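Engineer: Sharing a structure here in structure tokens format.
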Amino acid sequence: MASLKDMRVRIASVKATRKITKAMQMVAAAKLRRAQDAAQAARPYAERMDKVLGSLNKRVTNKDGASPLLVGTGKDQTHLLVVMTAERGLCGGFNGNIAKLARADANRLTREGKTVKIVAVGKKGADNLRRDFGKNIIDRVDLKSVKNLGFVNAESIGDKLLALFEAGEFDIATMYFSEFKSVIAQKPTALQLIPAKLPEEKATGATATSAEAVNEYEPSEEAILGFLLKRNISTQLFRGLLENAASEQGARMSAMDNATRNAGDMINKLTIKFNRQRQANITRELIEIISGAEAL
């Protein structure tokens, strides 16, 4: 049985840990609001970009010379997985859930005889996948020094992907990130970047005719589509980074709140155990004193 001194040291240690987890929870709560606003503000632009690309793709008449970013290379042998996670831990299952989804797809593609390559954005994703797919990781993007995510960060990653695609390093690229739903809910998501998955227009009849009459493109649909396809890659990457940032803070806030509660419960249990042990020691000492006095 542990001594009173050991129990006192342990209680003090758990109390110090509770202070740390409480402080991390408050910091995450302060960062969450800004990250959530940024993620929600990026969604309409990314969704509108998809709609514009879908409209342009529908109006382009000459599909023979279409960009490979839209129609692909004609093969699906080599797959590039862009796994986006956090640089730090202590955020519950946030990093593990994204890596789990990417690992499941990588295993499936490997069983089908496909070649899998991985670009890890964030330290935790690379660490999680290194054991099973260490040889498949061809690059790792370090964002540890970036305090405020900007479009320039996504653009640099997008330029790397475009360079790899133009060099024939892969046929299909898929981005893995966590879509922010709420503080307690983050959904691991896979989004195909190359070739682009464009939504189909649902407008029909007079509405479609009116939309086509209003939208006029200059210099041509083909030229604008080629430019926007490259822009869309950086846009979707930026959205993924912002969604991840909000999801990370939400997951960390929830995890630190649970850790703080668990520490409080442990302190209560240890305190009760300490008091019982202390009372037992006092009772034993009193019995020894009384027994000694009676013996005299």
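Each chain of the structure tokens is named A, B, ... in the order shown, its residues numbered from 1; ligands are numbered from 1 in display order.
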Name all residues at most 12 Å from Asp171 of chain A (count only C-alpha atoms; drop same-chain ones fewer than 4 positions away) and give them as a list in words.

Structural biologist: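 Non-adjacent residues within range: Pro68, Leu69, Leu70, Val71, Gly72, Thr73, Gly74, Lys75, Asp76, Gln77, Thr78, His79, Leu80, Leu81, Lys114, Thr115, Val116, Lys117, Leu161, Leu162, Leu164, Phe165, Glu166, Ala167, Gln192, Leu193, Ile194, Pro195 and Ala196 of chain A.
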
Engineer: For the selection just defined, write its residues with N, CA and C atoms to a file, as a PDB file, in the first residue's frame.

Structural biologist:
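Written out: again_17.pdb:
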```
ATOM      1  N   PRO A  68      -5.779  17.831 -68.613  1.00  0.00           N
ATOM      2  CA  PRO A  68      -5.719  16.586 -67.830  1.00  0.00           C
ATOM      3  C   PRO A  68      -6.192  16.779 -66.395  1.00  0.00           C
ATOM      4  N   LEU A  69      -6.155  18.031 -65.905  1.00  0.00           N
ATOM      5  CA  LEU A  69      -6.666  18.289 -64.558  1.00  0.00           C
ATOM      6  C   LEU A  69      -8.159  18.045 -64.468  1.00  0.00           C
ATOM      7  N   LEU A  70      -8.829  18.042 -65.625  1.00  0.00           N
ATOM      8  CA  LEU A  70     -10.267  17.819 -65.669  1.00  0.00           C
ATOM      9  C   LEU A  70     -10.616  16.397 -66.087  1.00  0.00           C
ATOM     10  N   VAL A  71      -9.960  15.913 -67.115  1.00  0.00           N
ATOM     11  CA  VAL A  71     -10.304  14.590 -67.663  1.00  0.00           C
ATOM     12  C   VAL A  71      -9.356  13.500 -67.185  1.00  0.00           C
ATOM     13  N   GLY A  72      -8.254  13.883 -66.547  1.00  0.00           N
ATOM     14  CA  GLY A  72      -7.305  12.895 -66.063  1.00  0.00           C
ATOM     15  C   GLY A  72      -6.310  12.467 -67.130  1.00  0.00           C
ATOM     16  N   THR A  73      -5.472  11.531 -66.767  1.00  0.00           N
ATOM     17  CA  THR A  73      -4.442  11.031 -67.688  1.00  0.00           C
ATOM     18  C   THR A  73      -4.907   9.824 -68.489  1.00  0.00           C
ATOM     19  N   GLY A  74      -6.101   9.350 -68.192  1.00  0.00           N
ATOM     20  CA  GLY A  74      -6.572   8.144 -68.852  1.00  0.00           C
ATOM     21  C   GLY A  74      -6.182   6.878 -68.106  1.00  0.00           C
ATOM     22  N   LYS A  75      -5.469   7.016 -67.012  1.00  0.00           N
ATOM     23  CA  LYS A  75      -5.054   5.866 -66.198  1.00  0.00           C
ATOM     24  C   LYS A  75      -5.418   6.136 -64.737  1.00  0.00           C
ATOM     25  N   ASP A  76      -5.414   5.085 -63.955  1.00  0.00           N
ATOM     26  CA  ASP A  76      -5.629   5.219 -62.514  1.00  0.00           C
ATOM     27  C   ASP A  76      -4.690   4.282 -61.749  1.00  0.00           C
ATOM     28  N   GLN A  77      -3.469   4.178 -62.245  1.00  0.00           N
ATOM     29  CA  GLN A  77      -2.510   3.252 -61.648  1.00  0.00           C
ATOM     30  C   GLN A  77      -1.840   3.838 -60.400  1.00  0.00           C
ATOM     31  N   THR A  78      -1.470   5.113 -60.460  1.00  0.00           N
ATOM     32  CA  THR A  78      -0.738   5.736 -59.361  1.00  0.00           C
ATOM     33  C   THR A  78      -1.631   6.751 -58.660  1.00  0.00           C
ATOM     34  N   HIS A  79      -1.786   6.558 -57.360  1.00  0.00           N
ATOM     35  CA  HIS A  79      -2.647   7.429 -56.562  1.00  0.00           C
ATOM     36  C   HIS A  79      -1.791   8.201 -55.561  1.00  0.00           C
ATOM     37  N   LEU A  80      -2.049   9.490 -55.468  1.00  0.00           N
ATOM     38  CA  LEU A  80      -1.374  10.350 -54.501  1.00  0.00           C
ATOM     39  C   LEU A  80      -2.365  10.727 -53.409  1.00  0.00           C
ATOM     40  N   LEU A  81      -2.020  10.418 -52.162  1.00  0.00           N
ATOM     41  CA  LEU A  81      -2.870  10.737 -51.032  1.00  0.00           C
ATOM     42  C   LEU A  81      -2.266  11.916 -50.278  1.00  0.00           C
ATOM     43  N   LYS A 114      -2.580  -1.123 -57.124  1.00  0.00           N
ATOM     44  CA  LYS A 114      -2.256   0.253 -57.470  1.00  0.00           C
ATOM     45  C   LYS A 114      -1.000   0.705 -56.727  1.00  0.00           C
ATOM     46  N   THR A 115      -0.373   1.736 -57.256  1.00  0.00           N
ATOM     47  CA  THR A 115       0.782   2.359 -56.603  1.00  0.00           C
ATOM     48  C   THR A 115       0.296   3.535 -55.763  1.00  0.00           C
ATOM     49  N   VAL A 116       0.712   3.560 -54.517  1.00  0.00           N
ATOM     50  CA  VAL A 116       0.259   4.593 -53.578  1.00  0.00           C
ATOM     51  C   VAL A 116       1.441   5.461 -53.177  1.00  0.00           C
ATOM     52  N   LYS A 117       1.253   6.774 -53.305  1.00  0.00           N
ATOM     53  CA  LYS A 117       2.219   7.756 -52.832  1.00  0.00           C
ATOM     54  C   LYS A 117       1.514   8.698 -51.867  1.00  0.00           C
ATOM     55  N   LEU A 161       1.901  19.879 -55.960  1.00  0.00           N
ATOM     56  CA  LEU A 161       1.067  18.845 -56.573  1.00  0.00           C
ATOM     57  C   LEU A 161       1.036  18.982 -58.094  1.00  0.00           C
ATOM     58  N   LEU A 162       0.916  20.221 -58.566  1.00  0.00           N
ATOM     59  CA  LEU A 162       0.900  20.433 -60.016  1.00  0.00           C
ATOM     60  C   LEU A 162       2.224  20.029 -60.650  1.00  0.00           C
ATOM     61  N   LEU A 164       4.298  17.735 -59.543  1.00  0.00           N
ATOM     62  CA  LEU A 164       4.342  16.274 -59.544  1.00  0.00           C
ATOM     63  C   LEU A 164       3.441  15.701 -60.636  1.00  0.00           C
ATOM     64  N   PHE A 165       2.261  16.327 -60.828  1.00  0.00           N
ATOM     65  CA  PHE A 165       1.340  15.832 -61.850  1.00  0.00           C
ATOM     66  C   PHE A 165       1.904  16.038 -63.249  1.00  0.00           C
ATOM     67  N   GLU A 166       2.476  17.199 -63.487  1.00  0.00           N
ATOM     68  CA  GLU A 166       3.061  17.469 -64.800  1.00  0.00           C
ATOM     69  C   GLU A 166       4.263  16.572 -65.084  1.00  0.00           C
ATOM     70  N   ALA A 167       4.932  16.135 -64.013  1.00  0.00           N
ATOM     71  CA  ALA A 167       6.069  15.227 -64.189  1.00  0.00           C
ATOM     72  C   ALA A 167       5.624  13.775 -64.336  1.00  0.00           C
ATOM     73  N   GLN A 192     -11.412  14.234 -53.898  1.00  0.00           N
ATOM     74  CA  GLN A 192     -10.534  14.066 -55.065  1.00  0.00           C
ATOM     75  C   GLN A 192     -10.221  15.428 -55.665  1.00  0.00           C
ATOM     76  N   LEU A 193      -8.925  15.709 -55.822  1.00  0.00           N
ATOM     77  CA  LEU A 193      -8.467  16.981 -56.373  1.00  0.00           C
ATOM     78  C   LEU A 193      -8.160  16.881 -57.856  1.00  0.00           C
ATOM     79  N   ILE A 194      -7.468  15.832 -58.253  1.00  0.00           N
ATOM     80  CA  ILE A 194      -7.051  15.637 -59.642  1.00  0.00           C
ATOM     81  C   ILE A 194      -7.389  14.201 -60.056  1.00  0.00           C
ATOM     82  N   PRO A 195      -8.144  14.027 -61.163  1.00  0.00           N
ATOM     83  CA  PRO A 195      -8.884  15.057 -61.897  1.00  0.00           C
ATOM     84  C   PRO A 195     -10.035  15.599 -61.051  1.00  0.00           C
ATOM     85  N   ALA A 196     -10.428  16.836 -61.329  1.00  0.00           N
ATOM     86  CA  ALA A 196     -11.423  17.527 -60.510  1.00  0.00           C
ATOM     87  C   ALA A 196     -12.783  16.847 -60.619  1.00  0.00           C
TER      88      ALA A 196
END
```

Engineer: Contacts of Lys144 of chain A at 12 Å or less, counting only C-alpha atoms, minus same-chain residues fewer than 5 places along, as JSON, numbers by chain?

Structural biologist: {"A": [85, 86, 87, 88, 121, 122, 123, 124, 149, 153]}

Engineer: Could you give me, as CSV, a per-residue list for segment 108-158 of chain A showing, wherever an atom lies at most 9 Å from an atom of segment 100-104 of chain A, the closest pair of atoms and their distance in Å to one decimal, using only C-alpha atoms and sorting by chain then residue number from low to high?

Structural biologist:
```
residue,atom,partner,partner_atom,distance
A:Arg108,CA,A:Ala104,CA,6.2
A:Leu109,CA,A:Ala104,CA,8.7
A:Asn128,CA,A:Lys100,CA,8.8
A:Leu129,CA,A:Arg103,CA,7.3
A:Asp132,CA,A:Arg103,CA,8.4
A:Phe133,CA,A:Arg103,CA,8.4
```

Engineer: Generate the output file for the selected residues, C-alpha atoms, as an mmCIF file, in the first residue's frame.

Structural biologist:
```cif
data_model
loop_
_atom_site.group_PDB
_atom_site.id
_atom_site.type_symbol
_atom_site.label_atom_id
_atom_site.label_comp_id
_atom_site.auth_asym_id
_atom_site.auth_seq_id
_atom_site.Cartn_x
_atom_site.Cartn_y
_atom_site.Cartn_z
ATOM 1 C CA ARG A 108 -7.567 -0.994 -50.542
ATOM 2 C CA LEU A 109 -5.583 0.509 -53.414
ATOM 3 C CA ASN A 128 0.861 7.815 -37.822
ATOM 4 C CA LEU A 129 1.384 6.441 -41.337
ATOM 5 C CA ASP A 132 2.773 0.950 -42.467
ATOM 6 C CA PHE A 133 3.549 3.305 -45.359
#
```

Engineer: By how many Å are atom CA of Ala259 of chain A and atom CA of Arg34 of chain A apart?

Structural biologist: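 Here the two named atoms are 23.5 Å from each other.
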
Engineer: Go through segment 119-175 of chain A and collect every residue that DSSP, computed from the backbone, puts in helix (DSSP H, G or I); the answer should be as a ChimeraX atom specification.

Structural biologist: /A:123-136,151-166

Engineer: Mind writing the picked residues with N, CA and C atoms as a PDB file, in the first residue's frame?

Structural biologist:
```
ATOM      1  N   LYS A 123       2.802  16.981 -39.016  1.00  0.00           N
ATOM      2  CA  LYS A 123       3.700  15.994 -38.422  1.00  0.00           C
ATOM      3  C   LYS A 123       2.974  14.730 -37.976  1.00  0.00           C
ATOM      4  N   LYS A 124       1.803  14.873 -37.372  1.00  0.00           N
ATOM      5  CA  LYS A 124       1.120  13.735 -36.790  1.00  0.00           C
ATOM      6  C   LYS A 124       0.654  12.725 -37.840  1.00  0.00           C
ATOM      7  N   GLY A 125       0.266  13.211 -39.010  1.00  0.00           N
ATOM      8  CA  GLY A 125      -0.138  12.293 -40.058  1.00  0.00           C
ATOM      9  C   GLY A 125       1.027  11.457 -40.548  1.00  0.00           C
ATOM     10  N   ALA A 126       2.183  12.098 -40.707  1.00  0.00           N
ATOM     11  CA  ALA A 126       3.381  11.363 -41.133  1.00  0.00           C
ATOM     12  C   ALA A 126       3.792  10.345 -40.082  1.00  0.00           C
ATOM     13  N   ASP A 127       3.737  10.720 -38.806  1.00  0.00           N
ATOM     14  CA  ASP A 127       4.101   9.790 -37.738  1.00  0.00           C
ATOM     15  C   ASP A 127       3.143   8.605 -37.684  1.00  0.00           C
ATOM     16  N   ASN A 128       1.871   8.866 -37.907  1.00  0.00           N
ATOM     17  CA  ASN A 128       0.861   7.815 -37.822  1.00  0.00           C
ATOM     18  C   ASN A 128       0.986   6.819 -38.969  1.00  0.00           C
ATOM     19  N   LEU A 129       1.326   7.304 -40.152  1.00  0.00           N
ATOM     20  CA  LEU A 129       1.384   6.441 -41.337  1.00  0.00           C
ATOM     21  C   LEU A 129       2.773   5.864 -41.596  1.00  0.00           C
ATOM     22  N   ARG A 130       3.781   6.331 -40.856  1.00  0.00           N
ATOM     23  CA  ARG A 130       5.160   5.912 -41.147  1.00  0.00           C
ATOM     24  C   ARG A 130       5.360   4.421 -40.937  1.00  0.00           C
ATOM     25  N   ARG A 131       4.684   3.848 -39.972  1.00  0.00           N
ATOM     26  CA  ARG A 131       4.899   2.431 -39.664  1.00  0.00           C
ATOM     27  C   ARG A 131       4.477   1.525 -40.816  1.00  0.00           C
ATOM     28  N   ASP A 132       3.295   1.803 -41.398  1.00  0.00           N
ATOM     29  CA  ASP A 132       2.773   0.950 -42.467  1.00  0.00           C
ATOM     30  C   ASP A 132       3.158   1.435 -43.856  1.00  0.00           C
ATOM     31  N   PHE A 133       3.308   2.746 -44.021  1.00  0.00           N
ATOM     32  CA  PHE A 133       3.549   3.305 -45.359  1.00  0.00           C
ATOM     33  C   PHE A 133       4.707   4.296 -45.352  1.00  0.00           C
ATOM     34  N   GLY A 134       5.732   3.990 -44.577  1.00  0.00           N
ATOM     35  CA  GLY A 134       6.882   4.889 -44.507  1.00  0.00           C
ATOM     36  C   GLY A 134       7.569   5.072 -45.854  1.00  0.00           C
ATOM     37  N   LYS A 135       7.652   3.995 -46.632  1.00  0.00           N
ATOM     38  CA  LYS A 135       8.313   4.071 -47.938  1.00  0.00           C
ATOM     39  C   LYS A 135       7.470   4.806 -48.969  1.00  0.00           C
ATOM     40  N   ASN A 136       6.176   4.935 -48.700  1.00  0.00           N
ATOM     41  CA  ASN A 136       5.277   5.590 -49.658  1.00  0.00           C
ATOM     42  C   ASN A 136       5.217   7.102 -49.470  1.00  0.00           C
ATOM     43  N   PHE A 151      -3.793  31.836 -47.773  1.00  0.00           N
ATOM     44  CA  PHE A 151      -3.915  31.184 -49.077  1.00  0.00           C
ATOM     45  C   PHE A 151      -2.551  30.846 -49.654  1.00  0.00           C
ATOM     46  N   VAL A 152      -1.524  31.609 -49.266  1.00  0.00           N
ATOM     47  CA  VAL A 152      -0.184  31.343 -49.778  1.00  0.00           C
ATOM     48  C   VAL A 152       0.311  29.977 -49.344  1.00  0.00           C
ATOM     49  N   ASN A 153      -0.102  29.514 -48.162  1.00  0.00           N
ATOM     50  CA  ASN A 153       0.294  28.183 -47.704  1.00  0.00           C
ATOM     51  C   ASN A 153      -0.323  27.091 -48.564  1.00  0.00           C
ATOM     52  N   ALA A 154      -1.600  27.248 -48.873  1.00  0.00           N
ATOM     53  CA  ALA A 154      -2.269  26.276 -49.737  1.00  0.00           C
ATOM     54  C   ALA A 154      -1.722  26.345 -51.158  1.00  0.00           C
ATOM     55  N   GLU A 155      -1.385  27.548 -51.606  1.00  0.00           N
ATOM     56  CA  GLU A 155      -0.869  27.711 -52.965  1.00  0.00           C
ATOM     57  C   GLU A 155       0.480  27.023 -53.138  1.00  0.00           C
ATOM     58  N   SER A 156       1.318  27.080 -52.102  1.00  0.00           N
ATOM     59  CA  SER A 156       2.619  26.407 -52.197  1.00  0.00           C
ATOM     60  C   SER A 156       2.440  24.893 -52.278  1.00  0.00           C
ATOM     61  N   ILE A 157       1.486  24.352 -51.523  1.00  0.00           N
ATOM     62  CA  ILE A 157       1.206  22.913 -51.610  1.00  0.00           C
ATOM     63  C   ILE A 157       0.629  22.575 -52.978  1.00  0.00           C
ATOM     64  N   GLY A 158      -0.272  23.432 -53.477  1.00  0.00           N
ATOM     65  CA  GLY A 158      -0.856  23.203 -54.791  1.00  0.00           C
ATOM     66  C   GLY A 158       0.183  23.220 -55.904  1.00  0.00           C
ATOM     67  N   ASP A 159       1.165  24.108 -55.800  1.00  0.00           N
ATOM     68  CA  ASP A 159       2.234  24.154 -56.802  1.00  0.00           C
ATOM     69  C   ASP A 159       3.044  22.862 -56.803  1.00  0.00           C
ATOM     70  N   LYS A 160       3.264  22.298 -55.615  1.00  0.00           N
ATOM     71  CA  LYS A 160       3.986  21.023 -55.535  1.00  0.00           C
ATOM     72  C   LYS A 160       3.198  19.904 -56.204  1.00  0.00           C
ATOM     73  N   LEU A 161       1.901  19.879 -55.960  1.00  0.00           N
ATOM     74  CA  LEU A 161       1.067  18.845 -56.573  1.00  0.00           C
ATOM     75  C   LEU A 161       1.036  18.982 -58.094  1.00  0.00           C
ATOM     76  N   LEU A 162       0.916  20.221 -58.566  1.00  0.00           N
ATOM     77  CA  LEU A 162       0.900  20.433 -60.016  1.00  0.00           C
ATOM     78  C   LEU A 162       2.224  20.029 -60.650  1.00  0.00           C
ATOM     79  N   ALA A 163       3.328  20.326 -59.968  1.00  0.00           N
ATOM     80  CA  ALA A 163       4.640  19.937 -60.491  1.00  0.00           C
ATOM     81  C   ALA A 163       4.772  18.419 -60.563  1.00  0.00           C
ATOM     82  N   LEU A 164       4.298  17.735 -59.543  1.00  0.00           N
ATOM     83  CA  LEU A 164       4.342  16.274 -59.544  1.00  0.00           C
ATOM     84  C   LEU A 164       3.441  15.701 -60.636  1.00  0.00           C
ATOM     85  N   PHE A 165       2.261  16.327 -60.828  1.00  0.00           N
ATOM     86  CA  PHE A 165       1.340  15.832 -61.850  1.00  0.00           C
ATOM     87  C   PHE A 165       1.904  16.038 -63.249  1.00  0.00           C
ATOM     88  N   GLU A 166       2.476  17.199 -63.487  1.00  0.00           N
ATOM     89  CA  GLU A 166       3.061  17.469 -64.800  1.00  0.00           C
ATOM     90  C   GLU A 166       4.263  16.572 -65.084  1.00  0.00           C
TER      91      GLU A 166
END
```

Engineer: How close does each residue of segment 34-143 of chain A get to segment 5-25 of chain A, giving the shortest atom pair and distance in Å to one decimal for every residue with an atom at most 12 Å away, counting only C-alpha atoms, sorted by chain and residue number, as CSV?

Structural biologist:
```
residue,atom,partner,partner_atom,distance
A:Gly89,CA,A:Met24,CA,11.8
A:Leu90,CA,A:Met24,CA,9.3
A:Cys91,CA,A:Gln25,CA,10.1
```

Engineer: Convert the current residue selection to file output with all heavy atoms, as a PDB file, in the first residue's frame.

Structural biologist:
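Contents of again.pdb, as written:
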```
ATOM      1  N   GLY A  89      -0.307  17.092 -30.988  1.00  0.00           N
ATOM      2  CA  GLY A  89      -1.280  16.128 -30.513  1.00  0.00           C
ATOM      3  C   GLY A  89      -2.178  16.717 -29.439  1.00  0.00           C
ATOM      4  O   GLY A  89      -2.487  17.904 -29.442  1.00  0.00           O
ATOM      5  N   LEU A  90      -2.591  15.854 -28.501  1.00  0.00           N
ATOM      6  CA  LEU A  90      -3.487  16.234 -27.409  1.00  0.00           C
ATOM      7  C   LEU A  90      -4.794  16.820 -27.938  1.00  0.00           C
ATOM      8  O   LEU A  90      -5.299  17.817 -27.423  1.00  0.00           O
ATOM      9  CB  LEU A  90      -2.805  17.224 -26.457  1.00  0.00           C
ATOM     10  CG  LEU A  90      -1.571  16.700 -25.712  1.00  0.00           C
ATOM     11  CD1 LEU A  90      -0.974  17.801 -24.850  1.00  0.00           C
ATOM     12  CD2 LEU A  90      -1.923  15.493 -24.866  1.00  0.00           C
ATOM     13  N   CYS A  91      -5.320  16.214 -28.990  1.00  0.00           N
ATOM     14  CA  CYS A  91      -6.595  16.674 -29.555  1.00  0.00           C
ATOM     15  C   CYS A  91      -7.511  15.474 -29.835  1.00  0.00           C
ATOM     16  O   CYS A  91      -8.182  15.416 -30.872  1.00  0.00           O
ATOM     17  CB  CYS A  91      -6.372  17.508 -30.807  1.00  0.00           C
ATOM     18  SG  CYS A  91      -5.257  16.809 -32.027  1.00  0.00           S
TER      19      CYS A  91
END
```

Engineer: Could you check how far atom CA of Gln36 of chain A sits from atom CA of Ser55 of chain A, in Å to one decimal?

Structural biologist: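 Those two atoms sit 29.5 Å apart.
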
Engineer: Using only C-alpha atoms, can you tell me which of A:Asn281, A:Asn244, A:Gln249, A:Thr235 comes closest to Asp50 of chain A?

Structural biologist: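 Closest candidate: A:Thr235.
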